[in-house]
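Just below is one structure, and these are the notes that go with it.
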Amino acid sequence: MASYYALQNTPTIPVSLADAKSFLKIDFTKDDAVITDMIAAAVEWGEAYTGRDFSNKQWLGFFDAPCVDYFEPKPYLPLQRSPLAALTSIDTASAGVYSAFTSFINKPRDGFDHVLLTTNVPIDTTVAYTFRVTFESGYATLPNNIKQAILEHVSFLYENRGDAPSEPPIQVKNLYGKQKLVIGYA
């Protein structure tokens with residue numbers, strides 16, 4: 001199964017410049033642009049490390065075919081963005097035209113949600129991706145340990161600007177790690 005995801009909005013930064021400056025104990029404005037970039041870098045690194053979206057993101061997911069395996073009773077589409085906030089629509093292609101598909105069940109999981117297809121759908125070979133899924137991911141309220149990890153990550157970047165290593169210190173990774181997805185079957 002091949003898939004890809006296209007981001008449809010510009011997500012908000014989950015930690016404000018004011019929060020970061022307060023954490024850094026800074027009251028001047030000359031480094032605001034640098035700190036804002038560091039917040040964005042910390043969020044990007046944290047999202048990649050945890051496998052989670054920290055703020056609301058709207059996605060279009062495209063799938064060429066559903067997954068079929070021993071662990072699910074029906075064919076499914078794995079929504080590999082977490083946490084899932086809303087599943088808006090699923091469309092299927094027929095003769096190159098997408099139309100609404102309503103025979104599905106969302107199956108929440110500890111990691112990525114699975115959309116179980118309750119009826120068979122013929123695969124349309126005239127398009128690269130038979131399924132198009134519109135959904136939202138991200139936290140409604142950012143968990144405290146993620147916010148703390150972002151602030152400490154920004155502090156580390158700020159204090160070591162110009163010579164910072166590519167990874168944050170272990171205490172920051174440990175805070176992010178509390179929300180890290182571990183994908184597999186138990």
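Residues in the structure tokens are named by chain (A, B, ... in the order shown) and by number from 1 within that chain; ligands are numbered from 1 in the order shown.
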
### Task
Mind checking which residues fall within 9 Å of A:Tyr176, counting only C-alpha atoms, ignoring those fewer than 4 positions away in the same chain, and posting them as an MDAnalysis selection string?
chainID A and resid 46:47 49:50 145:146 148:150 171:172 180

- request: Determine, counting only C-alpha atoms, which protein, DNA and RNA residues have an atom within 12 Å of an atom of A:Pro108; residues of the same chain fewer than 5 positions away are not included. Present the result as a PyMOL selection string.
  value: chain A and resi 78-87+113-116

The selected residues should be written to file as a compact mmCIF listing (two decimals), in the first residue's frame (atoms: N, CA and C atoms).
# COMPACT_ATOMS: atom_id res chain seq x y z
N PRO A 78 -4.64 3.09 7.29
CA PRO A 78 -3.98 3.57 8.51
C PRO A 78 -3.73 5.08 8.43
N LEU A 79 -4.34 5.83 9.33
CA LEU A 79 -4.12 7.28 9.36
C LEU A 79 -2.89 7.54 10.22
N GLN A 80 -1.76 7.73 9.58
CA GLN A 80 -0.50 7.82 10.29
C GLN A 80 -0.17 9.24 10.73
N ARG A 81 -1.11 9.85 11.40
CA ARG A 81 -0.94 11.13 12.08
C ARG A 81 -1.65 10.96 13.42
N SER A 82 -1.10 11.48 14.48
CA SER A 82 -1.68 11.25 15.79
C SER A 82 -1.49 12.48 16.66
N PRO A 83 -2.41 12.76 17.57
CA PRO A 83 -3.68 12.10 17.80
C PRO A 83 -4.73 12.57 16.79
N LEU A 84 -5.62 11.67 16.42
CA LEU A 84 -6.68 12.02 15.47
C LEU A 84 -7.70 12.89 16.20
N ALA A 85 -7.99 14.06 15.64
CA ALA A 85 -8.98 14.97 16.23
C ALA A 85 -10.34 14.80 15.57
N ALA A 86 -10.37 14.63 14.25
CA ALA A 86 -11.64 14.48 13.52
C ALA A 86 -11.39 13.79 12.19
N LEU A 87 -12.32 12.93 11.83
CA LEU A 87 -12.32 12.29 10.53
C LEU A 87 -13.46 12.92 9.75
N ASP A 113 -4.85 5.70 14.21
CA ASP A 113 -6.19 5.16 14.00
C ASP A 113 -6.25 4.39 12.70
N HIS A 114 -7.13 3.41 12.67
CA HIS A 114 -7.42 2.65 11.46
C HIS A 114 -8.85 2.93 11.03
N VAL A 115 -9.05 3.18 9.75
CA VAL A 115 -10.39 3.34 9.19
C VAL A 115 -10.73 2.01 8.53
N LEU A 116 -11.64 1.25 9.16
CA LEU A 116 -12.04 -0.05 8.63
C LEU A 116 -13.08 0.16 7.54

Practice prompt. Excluding A:Tyr129 and residues on its chain fewer than 4 positions from it, collect all residues at most 10 Å away from it, counting only C-alpha atoms, and give them as an MDAnalysis selection string.
Written response: chainID A and resid 1:4 61:65 92:93 96 123:125

When distances are computed from only C-alpha atoms, which of A:Asn174, A:Ser55, A:Ser16, A:Thr119 shows the smallest separation from A:Gly138?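 Going through A:Asn174, A:Ser55, A:Ser16, A:Thr119 one by one, the smallest distance to A:Gly138 is for A:Ser55.
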
Across A:Asn160, A:Thr130, A:Thr12, A:Ser137, the smallest distance to A:Lys57, with only C-alpha atoms counted, is shown by A:Ser137

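If you look at atom CA of A:Leu7 and atom CA of A:Leu60, they are 6.6 Å away from each other.
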
For A:Thr36, the closest of A:Val182, A:Val127, A:Val68, A:Leu17 counting only C-alpha atoms is A:Leu17

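From atom CA of A:Tyr5 back to atom CA of A:Phe54, the distance works out to 16.6 Å.
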
Neighbour list for stretch 154-157 of chain A as a ChimeraX atom specification, cut-off 8 Å, only C-alpha atoms, skip fewer than 6 positions in-chain
/A:20,23-24,35,38-39,42,164,168-169

Mind writing the picked residues with N, CA and C atoms as an mmCIF file, in the first residue's frame?
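Wrote selection01.cif, looks like this:
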data_model
loop_
_atom_site.group_PDB
_atom_site.id
_atom_site.type_symbol
_atom_site.label_atom_id
_atom_site.label_comp_id
_atom_site.auth_asym_id
_atom_site.auth_seq_id
_atom_site.Cartn_x
_atom_site.Cartn_y
_atom_site.Cartn_z
ATOM 1 N N ALA A 20 7.985 31.395 25.943
ATOM 2 C CA ALA A 20 9.408 31.056 25.800
ATOM 3 C C ALA A 20 10.290 32.133 26.431
ATOM 4 N N PHE A 23 10.174 31.824 30.153
ATOM 5 C CA PHE A 23 10.963 30.669 30.583
ATOM 6 C C PHE A 23 12.458 30.982 30.532
ATOM 7 N N LEU A 24 12.868 31.723 29.497
ATOM 8 C CA LEU A 24 14.278 32.100 29.333
ATOM 9 C C LEU A 24 14.685 33.283 30.223
ATOM 10 N N ILE A 35 14.309 33.461 18.677
ATOM 11 C CA ILE A 35 13.569 32.599 19.608
ATOM 12 C C ILE A 35 12.370 31.974 18.902
ATOM 13 N N MET A 38 13.594 29.170 16.945
ATOM 14 C CA MET A 38 13.969 28.065 17.828
ATOM 15 C C MET A 38 12.745 27.309 18.322
ATOM 16 N N ILE A 39 11.652 28.026 18.585
ATOM 17 C CA ILE A 39 10.397 27.359 18.965
ATOM 18 C C ILE A 39 9.946 26.451 17.828
ATOM 19 N N ALA A 42 12.180 23.400 17.662
ATOM 20 C CA ALA A 42 11.905 22.471 18.764
ATOM 21 C C ALA A 42 10.609 21.702 18.514
ATOM 22 N N ALA A 164 25.297 24.359 18.951
ATOM 23 C CA ALA A 164 24.438 23.322 19.530
ATOM 24 C C ALA A 164 24.518 22.041 18.713
ATOM 25 N N PRO A 168 18.672 17.371 21.205
ATOM 26 C CA PRO A 168 18.575 18.024 22.516
ATOM 27 C C PRO A 168 19.154 17.129 23.605
ATOM 28 N N PRO A 169 19.366 17.675 24.798
ATOM 29 C CA PRO A 169 19.900 16.866 25.897
ATOM 30 C C PRO A 169 18.892 15.791 26.325
#

Out of A:Tyr76, A:Phe28, A:Tyr139, A:Trp45, which residue has the shortest atom-to-atom distance to A:Thr118 when counting only C-alpha atoms?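 Among the listed residues, the smallest separation from A:Thr118 belongs to A:Tyr76.
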
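Proximity to A:Ser89 at 9 Å, evaluated using only C-alpha atoms and with sequence-adjacent residues fewer than 3 positions away removed, yields Ala100, Phe101, Thr102, Arg132, Val133, Thr134 and Phe135 of chain A.
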
Save the residues we just selected, N, CA, C and O atoms, as a PDB file, in the first residue's frame?
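Saved file part.pdb follows:
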ATOM      1  N   ALA A 100     -18.107  10.525  -2.439  1.00  0.00           N
ATOM      2  CA  ALA A 100     -18.154  10.201  -1.013  1.00  0.00           C
ATOM      3  C   ALA A 100     -18.302   8.699  -0.788  1.00  0.00           C
ATOM      4  O   ALA A 100     -19.034   8.015  -1.503  1.00  0.00           O
ATOM      5  N   PHE A 101     -17.593   8.219   0.216  1.00  0.00           N
ATOM      6  CA  PHE A 101     -17.663   6.816   0.637  1.00  0.00           C
ATOM      7  C   PHE A 101     -18.076   6.814   2.096  1.00  0.00           C
ATOM      8  O   PHE A 101     -17.460   7.480   2.928  1.00  0.00           O
ATOM      9  N   THR A 102     -19.154   6.097   2.422  1.00  0.00           N
ATOM     10  CA  THR A 102     -19.697   6.169   3.778  1.00  0.00           C
ATOM     11  C   THR A 102     -19.658   4.839   4.524  1.00  0.00           C
ATOM     12  O   THR A 102     -20.069   4.779   5.680  1.00  0.00           O
ATOM     13  N   ARG A 132      -9.184   8.978  -0.831  1.00  0.00           N
ATOM     14  CA  ARG A 132      -8.796  10.310  -0.357  1.00  0.00           C
ATOM     15  C   ARG A 132      -9.515  10.531   0.966  1.00  0.00           C
ATOM     16  O   ARG A 132     -10.740  10.471   1.032  1.00  0.00           O
ATOM     17  N   VAL A 133      -8.744  10.787   2.018  1.00  0.00           N
ATOM     18  CA  VAL A 133      -9.299  10.943   3.364  1.00  0.00           C
ATOM     19  C   VAL A 133      -8.992  12.344   3.863  1.00  0.00           C
ATOM     20  O   VAL A 133      -7.840  12.780   3.828  1.00  0.00           O
ATOM     21  N   THR A 134     -10.013  13.048   4.322  1.00  0.00           N
ATOM     22  CA  THR A 134      -9.855  14.375   4.912  1.00  0.00           C
ATOM     23  C   THR A 134     -10.002  14.224   6.421  1.00  0.00           C
ATOM     24  O   THR A 134     -10.996  13.672   6.897  1.00  0.00           O
ATOM     25  N   PHE A 135      -8.975  14.692   7.164  1.00  0.00           N
ATOM     26  CA  PHE A 135      -9.025  14.537   8.621  1.00  0.00           C
ATOM     27  C   PHE A 135      -8.177  15.610   9.296  1.00  0.00           C
ATOM     28  O   PHE A 135      -7.431  16.327   8.639  1.00  0.00           O
TER      29      PHE A 135
END

Check your understanding: By how many Å are atom CA of A:Pro165 and atom CA of A:Asn144 apart?
Key ->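 That distance, rounded to one decimal, is 25.0 Å.
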
Among stretch 29-159 of chain A, which ones does DSSP place in strand (DSSP E), written as an MDAnalysis selection string?
-> chainID A and resid 57:63 76:79 84:94 97:100 104:107 113:117 131:137

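Residue nearest A:Asn56, chosen from A:Glu159, A:Glu136, A:Asp110, A:Asp69 and counting only C-alpha atoms: A:Glu136.
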